[in-house]
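To be precise, the following lines are query.pdb, and they hold PDB, C-alpha atoms.
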```
ATOM      1  CA  MET A  20      70.216  79.844 -10.187
ATOM      2  CA  ASN A  21      67.957  77.048  -8.940
ATOM      3  CA  LEU A  22      64.329  77.649  -8.006
ATOM      4  CA  ASN A  23      64.874  77.114  -4.270
ATOM      5  CA  THR A  24      67.485  79.884  -4.153
ATOM      6  CA  GLN A  25      65.578  82.256  -6.446
ATOM      7  CA  ILE A  26      62.415  82.115  -4.347
ATOM      8  CA  ALA A  27      64.443  82.512  -1.131
ATOM      9  CA  LEU A  28      66.029  85.683  -2.539
ATOM     10  CA  ASP A  29      62.621  86.931  -3.682
ATOM     11  CA  LEU A  30      61.012  86.414  -0.270
ATOM     12  CA  LEU A  31      63.881  88.158   1.512
ATOM     13  CA  LYS A  32      63.907  91.072  -0.930
ATOM     14  CA  ILE A  33      60.252  91.938  -0.360
ATOM     15  CA  LYS A  34      60.422  91.004   3.351
ATOM     16  CA  ALA A  35      57.824  88.275   2.958
ATOM     17  CA  VAL A  36      60.233  86.319   5.154
ATOM     18  CA  PHE A  37      61.830  88.626   7.699
ATOM     19  CA  PHE A  38      64.359  87.490  10.307
ATOM     20  CA  ARG A  39      64.694  89.251  13.667
ATOM     21  CA  PRO A  40      66.562  86.863  15.991
ATOM     22  CA  ASP A  41      67.444  89.558  18.536
ATOM     23  CA  GLU A  42      63.858  90.880  18.792
ATOM     24  CA  PRO A  43      61.648  87.792  18.448
ATOM     25  CA  PHE A  44      58.097  87.909  17.191
ATOM     26  CA  THR A  45      55.372  86.246  19.263
ATOM     27  CA  TRP A  46      53.041  83.837  17.477
ATOM     28  CA  ALA A  47      49.381  83.486  18.434
ATOM     29  CA  SER A  48      50.343  80.266  20.228
ATOM     30  CA  GLY A  49      52.707  82.249  22.457
ATOM     31  CA  ILE A  50      55.837  80.779  20.861
ATOM     32  CA  LYS A  51      58.696  83.224  20.404
ATOM     33  CA  SER A  52      59.932  83.177  16.822
ATOM     34  CA  PRO A  53      62.954  84.756  15.111
ATOM     35  CA  VAL A  54      61.100  84.838  11.794
ATOM     36  CA  TYR A  55      58.011  86.548  10.424
ATOM     37  CA  CYS A  56      56.501  85.113   7.247
ATOM     38  CA  ASP A  57      53.819  86.806   5.120
ATOM     39  CA  ASN A  58      53.746  85.320   1.639
ATOM     40  CA  ARG A  59      50.726  87.462   0.734
ATOM     41  CA  LEU A  60      53.313  90.138  -0.062
ATOM     42  CA  THR A  61      54.359  88.102  -3.103
ATOM     43  CA  LEU A  62      51.102  89.122  -4.767
ATOM     44  CA  SER A  63      52.038  92.817  -4.569
ATOM     45  CA  ASP A  64      55.323  92.461  -6.478
ATOM     46  CA  PRO A  65      54.764  91.507 -10.143
ATOM     47  CA  ALA A  66      58.271  90.090 -10.689
ATOM     48  CA  VAL A  67      58.205  87.986  -7.517
ATOM     49  CA  ARG A  68      54.618  86.946  -8.209
ATOM     50  CA  THR A  69      55.702  85.680 -11.630
ATOM     51  CA  ASP A  70      58.571  83.684 -10.094
ATOM     52  CA  VAL A  71      56.216  82.145  -7.535
ATOM     53  CA  GLU A  72      53.383  81.212  -9.884
ATOM     54  CA  GLU A  73      55.694  79.890 -12.614
ATOM     55  CA  GLY A  74      57.530  77.979  -9.886
ATOM     56  CA  LEU A  75      54.316  76.434  -8.567
ATOM     57  CA  LYS A  76      53.356  75.485 -12.117
ATOM     58  CA  SER A  77      56.682  73.765 -12.763
ATOM     59  CA  MET A  78      56.598  71.894  -9.448
ATOM     60  CA  ILE A  79      53.061  70.639 -10.048
ATOM     61  CA  GLU A  80      54.012  69.507 -13.553
ATOM     62  CA  GLU A  81      57.060  67.692 -12.165
ATOM     63  CA  HIS A  82      55.621  66.109  -9.024
ATOM     64  CA  TYR A  83      51.911  65.832  -9.828
ATOM     65  CA  PRO A  84      51.667  65.405 -13.617
ATOM     66  CA  ASP A  85      48.219  63.804 -13.304
ATOM     67  CA  ALA A  86      46.657  66.837 -11.588
ATOM     68  CA  GLU A  87      43.165  67.603 -12.843
ATOM     69  CA  ALA A  88      42.345  70.568 -10.578
ATOM     70  CA  LEU A  89      43.966  72.877  -8.025
ATOM     71  CA  MET A  90      42.394  73.662  -4.656
ATOM     72  CA  GLY A  91      43.588  76.665  -2.659
ATOM     73  CA  THR A  92      43.599  76.930   1.108
ATOM     74  CA  SER A  93      41.567  79.739   2.644
ATOM     75  CA  THR A  94      42.591  82.449   2.445
ATOM     76  CA  ALA A  95      46.268  82.739   1.578
ATOM     77  CA  GLY A  96      46.347  79.925  -0.973
ATOM     78  CA  ILE A  97      43.363  81.089  -3.027
ATOM     79  CA  ALA A  98      45.089  83.662  -5.241
ATOM     80  CA  HIS A  99      48.081  81.403  -5.886
ATOM     81  CA  ALA A 100      45.812  78.503  -6.807
ATOM     82  CA  ALA A 101      43.827  80.735  -9.157
ATOM     83  CA  ILE A 102      46.844  82.184 -10.972
ATOM     84  CA  THR A 103      48.649  78.854 -11.245
ATOM     85  CA  ALA A 104      45.514  77.069 -12.449
ATOM     86  CA  HIS A 105      45.116  79.770 -15.109
ATOM     87  CA  LEU A 106      48.701  79.235 -16.282
ATOM     88  CA  MET A 107      48.111  75.480 -16.448
ATOM     89  CA  GLY A 108      44.642  75.618 -17.984
ATOM     90  CA  LEU A 109      43.185  73.684 -15.039
ATOM     91  CA  PRO A 110      39.980  74.054 -12.990
ATOM     92  CA  MET A 111      40.402  75.723  -9.612
ATOM     93  CA  GLY A 112      38.487  75.984  -6.365
ATOM     94  CA  TYR A 113      39.174  76.536  -2.717
ATOM     95  CA  VAL A 114      38.291  75.155   0.686
ATOM     96  CA  ARG A 115      36.831  77.379   3.373
ATOM     97  CA  SER A 116      37.978  77.086   6.990
ATOM     98  CA  GLY A 117      34.392  76.101   7.788
ATOM     99  CA  ALA A 118      31.112  75.600   5.955
ATOM    100  CA  LYS A 119      29.026  78.692   5.192
ATOM    101  CA  ASP A 120      26.005  79.210   7.416
ATOM    102  CA  HIS A 121      23.845  80.423   4.522
ATOM    103  CA  GLY A 122      23.034  79.639   0.891
ATOM    104  CA  ARG A 123      24.201  76.185  -0.102
ATOM    105  CA  LYS A 124      26.397  76.032   3.020
ATOM    106  CA  ASN A 125      29.424  75.058   0.973
ATOM    107  CA  GLN A 126      32.847  74.451   2.451
ATOM    108  CA  ILE A 127      34.369  73.599  -0.908
ATOM    109  CA  GLU A 128      33.920  76.402  -3.432
ATOM    110  CA  GLY A 129      34.121  75.571  -7.122
ATOM    111  CA  ARG A 130      33.216  72.347  -8.891
ATOM    112  CA  LEU A 131      34.752  69.150  -7.517
ATOM    113  CA  GLU A 132      33.968  65.876  -9.255
ATOM    114  CA  PRO A 133      34.115  62.552  -7.350
ATOM    115  CA  GLY A 134      37.476  60.898  -7.972
ATOM    116  CA  GLN A 135      39.012  64.076  -9.366
ATOM    117  CA  LYS A 136      42.781  64.254  -8.883
ATOM    118  CA  VAL A 137      43.571  67.481  -7.076
ATOM    119  CA  VAL A 138      46.611  69.312  -5.719
ATOM    120  CA  VAL A 139      46.264  71.580  -2.693
ATOM    121  CA  VAL A 140      47.980  74.976  -3.020
ATOM    122  CA  GLU A 141      49.206  76.485   0.271
ATOM    123  CA  ASP A 142      51.358  79.534   0.999
ATOM    124  CA  LEU A 143      53.329  78.173   3.958
ATOM    125  CA  ILE A 144      53.484  75.126   6.182
ATOM    126  CA  SER A 145      54.594  75.140   9.820
ATOM    127  CA  THR A 146      52.999  72.394  11.909
ATOM    128  CA  GLY A 147      50.753  71.236   9.056
ATOM    129  CA  GLY A 148      47.478  71.316  10.963
ATOM    130  CA  SER A 149      45.467  73.701   8.794
ATOM    131  CA  VAL A 150      46.488  72.289   5.421
ATOM    132  CA  LEU A 151      45.711  68.732   6.560
ATOM    133  CA  GLU A 152      42.208  69.857   7.523
ATOM    134  CA  VAL A 153      41.792  70.954   3.891
ATOM    135  CA  VAL A 154      43.067  67.575   2.673
ATOM    136  CA  ASP A 155      40.556  65.809   4.946
ATOM    137  CA  VAL A 156      37.648  67.897   3.620
ATOM    138  CA  LEU A 157      38.618  67.151   0.020
ATOM    139  CA  ARG A 158      39.036  63.430   0.686
ATOM    140  CA  GLU A 159      35.667  63.269   2.413
ATOM    141  CA  ALA A 160      34.139  64.897  -0.668
ATOM    142  CA  GLY A 161      35.557  62.133  -2.840
ATOM    143  CA  ALA A 162      38.646  63.833  -4.276
ATOM    144  CA  GLU A 163      41.904  61.983  -4.839
ATOM    145  CA  VAL A 164      44.421  64.342  -3.223
ATOM    146  CA  LEU A 165      47.735  63.867  -5.015
ATOM    147  CA  GLY A 166      49.531  66.124  -2.545
ATOM    148  CA  ILE A 167      50.358  69.688  -1.573
ATOM    149  CA  VAL A 168      52.459  72.367  -3.232
ATOM    150  CA  SER A 169      53.520  75.321  -1.074
ATOM    151  CA  ILE A 170      55.659  78.422  -1.349
ATOM    152  CA  PHE A 171      57.554  78.021   1.935
ATOM    153  CA  THR A 172      57.895  75.369   4.614
ATOM    154  CA  TYR A 173      59.534  75.595   8.014
ATOM    155  CA  GLY A 174      60.441  71.899   7.971
ATOM    156  CA  MET A 175      59.369  71.535  11.612
ATOM    157  CA  GLN A 176      59.372  67.935  12.794
ATOM    158  CA  LYS A 177      55.772  68.158  14.010
ATOM    159  CA  GLY A 178      54.662  69.170  10.528
ATOM    160  CA  LEU A 179      56.723  66.465   8.837
ATOM    161  CA  ASP A 180      55.311  63.827  11.189
ATOM    162  CA  ARG A 181      51.728  64.962  10.613
ATOM    163  CA  LEU A 182      52.100  64.881   6.839
ATOM    164  CA  GLN A 183      53.646  61.432   6.954
ATOM    165  CA  ALA A 184      50.931  60.100   9.259
ATOM    166  CA  ALA A 185      48.253  61.401   6.885
ATOM    167  CA  ASN A 186      50.125  59.964   3.893
ATOM    168  CA  VAL A 187      50.329  63.369   2.234
ATOM    169  CA  LYS A 188      53.238  64.565   0.102
ATOM    170  CA  ASN A 189      54.300  68.223   0.162
ATOM    171  CA  VAL A 190      56.741  69.977  -2.146
ATOM    172  CA  SER A 191      57.778  73.576  -1.493
ATOM    173  CA  LEU A 192      59.415  76.247  -3.613
ATOM    174  CA  THR A 193      61.811  77.006  -0.769
ATOM    175  CA  ASP A 194      62.301  76.236   2.904
ATOM    176  CA  PHE A 195      63.468  77.668   6.214
ATOM    177  CA  ASP A 196      66.999  76.279   6.009
ATOM    178  CA  CYS A 197      67.583  77.625   2.505
ATOM    179  CA  VAL A 198      66.202  81.080   3.313
ATOM    180  CA  ALA A 199      68.302  81.290   6.501
ATOM    181  CA  LYS A 200      71.462  80.369   4.588
ATOM    182  CA  ILE A 201      70.737  82.862   1.793
ATOM    183  CA  ALA A 202      69.883  85.561   4.369
ATOM    184  CA  ALA A 203      73.277  85.134   6.033
ATOM    185  CA  GLY A 204      75.130  85.156   2.728
ATOM    186  CA  ALA A 205      73.306  88.282   1.533
ATOM    187  CA  GLY A 206      73.821  90.216   4.776
ATOM    188  CA  TYR A 207      70.236  90.171   6.039
ATOM    189  CA  ILE A 208      71.422  88.438   9.230
ATOM    190  CA  GLU A 209      74.786  87.619  10.777
ATOM    191  CA  PRO A 210      76.334  84.268   9.756
ATOM    192  CA  GLY A 211      76.347  83.228  13.419
ATOM    193  CA  ASP A 212      72.579  83.629  13.575
ATOM    194  CA  VAL A 213      71.961  80.658  11.263
ATOM    195  CA  ASP A 214      72.670  78.161  14.050
ATOM    196  CA  ARG A 215      70.217  79.983  16.336
ATOM    197  CA  LEU A 216      67.550  79.918  13.627
ATOM    198  CA  ILE A 217      68.000  76.201  13.001
ATOM    199  CA  ARG A 218      67.773  75.524  16.731
ATOM    200  CA  PHE A 219      64.430  77.337  16.750
ATOM    201  CA  ARG A 220      63.248  75.336  13.732
ATOM    202  CA  ASN A 221      64.257  72.057  15.372
ATOM    203  CA  ASP A 222      62.401  72.798  18.630
ATOM    204  CA  PRO A 223      60.217  75.955  18.718
ATOM    205  CA  SER A 224      59.382  75.352  22.407
ATOM    206  CA  ASP A 225      63.062  75.646  23.386
ATOM    207  CA  GLU A 226      63.871  79.344  23.738
ATOM    208  CA  SER A 227      67.584  78.874  24.467
ATOM    209  CA  TRP A 228      68.410  80.470  21.089
ATOM    210  CA  ILE A 229      67.082  83.859  22.283
ATOM    211  CA  GLY A 230      69.767  86.337  23.282
TER     212      GLY A 230
END
```
File written out as structure tokens:
Amino acid sequence: MNLNTQIALDLLKIKAVFFRPDEPFTWASGIKSPVYCDNRLTLSDPAVRTDVEEGLKSMIEEHYPDAEALMGTSTAGIAHAAITAHLMGLPMGYVRSGAKDHGRKNQIEGRLEPGQKVVVVEDLISTGGSVLEVVDVLREAGAEVLGIVSIFTYGMQKGLDRLQAANVKNVSLTDFDCVAKIAAGAGYIEPGDVDRLIRFRNDPSDESWIG
């Protein structure tokens, strides 16, 4: 079984990715979504956690062999960056959503050397806005950002366009299309729902898939 499929099965099993096309969830932005994603749940299942962290390690070794440090996104990427960095014997840090208002007022936690080659560890990517803010902070601090590794990506066009415009590579353990296909094959959703899910992914503002 390939990694993409294994992680998709893992996320479905623990309901880290949960499809509900007939009773959509509402995102903070107001968008109706047929999927709920909470990859923090991977940390609570030792077997799935092992698959995820070993998967992140292998993807970093394959796509970013020159990585010198891992930087997690706050807050969901921190634990994954820490565990994966431990497995790889690499330094690790993380980037806050904003600078602290006390102490040294750090936004980057952990040691970052100028010119250091880093990989950003993220749990999921939708439109790409938050992870690109992390990339910008690291670049401004003098890091050479090799790219991003994430557990799950929606593959939304807005996110793909943003990453391309910022010249940032992302590789994910699995993606929306794969998880939807596996979900249909394993009986989590009806086979006919896959088309509705893909229509949502292609244009989240178009709610014609509902009902």
Box centre and edge lengths (Å, one decimal), axis-aligned, region 73-77 of chain A plus 8 Å each side, as JSON:
```
{"center_x": 55.4, "center_y": 76.8, "center_z": -10.7, "size_x": 20.2, "size_y": 22.1, "size_z": 20.2}
```
Given the PyMOL selection byres ((chain A and resi 131-137) around 12) and the file above, list the residues it selects as a PDB file with C-alpha atoms, in the coordinates of the input.
```
ATOM      1  CA  ILE A  79      53.061  70.639 -10.048  1.00  0.00           C
ATOM      2  CA  TYR A  83      51.911  65.832  -9.828  1.00  0.00           C
ATOM      3  CA  PRO A  84      51.667  65.405 -13.617  1.00  0.00           C
ATOM      4  CA  ASP A  85      48.219  63.804 -13.304  1.00  0.00           C
ATOM      5  CA  ALA A  86      46.657  66.837 -11.588  1.00  0.00           C
ATOM      6  CA  GLU A  87      43.165  67.603 -12.843  1.00  0.00           C
ATOM      7  CA  ALA A  88      42.345  70.568 -10.578  1.00  0.00           C
ATOM      8  CA  LEU A  89      43.966  72.877  -8.025  1.00  0.00           C
ATOM      9  CA  MET A  90      42.394  73.662  -4.656  1.00  0.00           C
ATOM     10  CA  GLY A  91      43.588  76.665  -2.659  1.00  0.00           C
ATOM     11  CA  ALA A 100      45.812  78.503  -6.807  1.00  0.00           C
ATOM     12  CA  ALA A 104      45.514  77.069 -12.449  1.00  0.00           C
ATOM     13  CA  LEU A 109      43.185  73.684 -15.039  1.00  0.00           C
ATOM     14  CA  PRO A 110      39.980  74.054 -12.990  1.00  0.00           C
ATOM     15  CA  MET A 111      40.402  75.723  -9.612  1.00  0.00           C
ATOM     16  CA  GLY A 112      38.487  75.984  -6.365  1.00  0.00           C
ATOM     17  CA  TYR A 113      39.174  76.536  -2.717  1.00  0.00           C
ATOM     18  CA  VAL A 114      38.291  75.155   0.686  1.00  0.00           C
ATOM     19  CA  ASN A 125      29.424  75.058   0.973  1.00  0.00           C
ATOM     20  CA  GLN A 126      32.847  74.451   2.451  1.00  0.00           C
ATOM     21  CA  ILE A 127      34.369  73.599  -0.908  1.00  0.00           C
ATOM     22  CA  GLU A 128      33.920  76.402  -3.432  1.00  0.00           C
ATOM     23  CA  GLY A 129      34.121  75.571  -7.122  1.00  0.00           C
ATOM     24  CA  ARG A 130      33.216  72.347  -8.891  1.00  0.00           C
ATOM     25  CA  VAL A 138      46.611  69.312  -5.719  1.00  0.00           C
ATOM     26  CA  VAL A 139      46.264  71.580  -2.693  1.00  0.00           C
ATOM     27  CA  VAL A 140      47.980  74.976  -3.020  1.00  0.00           C
ATOM     28  CA  VAL A 153      41.792  70.954   3.891  1.00  0.00           C
ATOM     29  CA  VAL A 154      43.067  67.575   2.673  1.00  0.00           C
ATOM     30  CA  VAL A 156      37.648  67.897   3.620  1.00  0.00           C
ATOM     31  CA  LEU A 157      38.618  67.151   0.020  1.00  0.00           C
ATOM     32  CA  ARG A 158      39.036  63.430   0.686  1.00  0.00           C
ATOM     33  CA  GLU A 159      35.667  63.269   2.413  1.00  0.00           C
ATOM     34  CA  ALA A 160      34.139  64.897  -0.668  1.00  0.00           C
ATOM     35  CA  GLY A 161      35.557  62.133  -2.840  1.00  0.00           C
ATOM     36  CA  ALA A 162      38.646  63.833  -4.276  1.00  0.00           C
ATOM     37  CA  GLU A 163      41.904  61.983  -4.839  1.00  0.00           C
ATOM     38  CA  VAL A 164      44.421  64.342  -3.223  1.00  0.00           C
ATOM     39  CA  LEU A 165      47.735  63.867  -5.015  1.00  0.00           C
ATOM     40  CA  GLY A 166      49.531  66.124  -2.545  1.00  0.00           C
ATOM     41  CA  ILE A 167      50.358  69.688  -1.573  1.00  0.00           C
ATOM     42  CA  VAL A 168      52.459  72.367  -3.232  1.00  0.00           C
TER      43      VAL A 168
END
```
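The space separating CA of Ile170 (chain A) from CA of Arg220 (chain A) comes to 17.2 Å.
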*Quick one, how far is CA of Val71 (chain A) from CA of Asp196 (chain A)?*
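CA of Asp196 (chain A) lies 18.3 Å from CA of Val71 (chain A).
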*What do you get, as a PyMOL selection string, if you spell out every residue that the PyMOL selection byres ((chain A and resi 24) around 9) selects here?*
chain A and resi 20-23+25-29+192-193+197-198+201
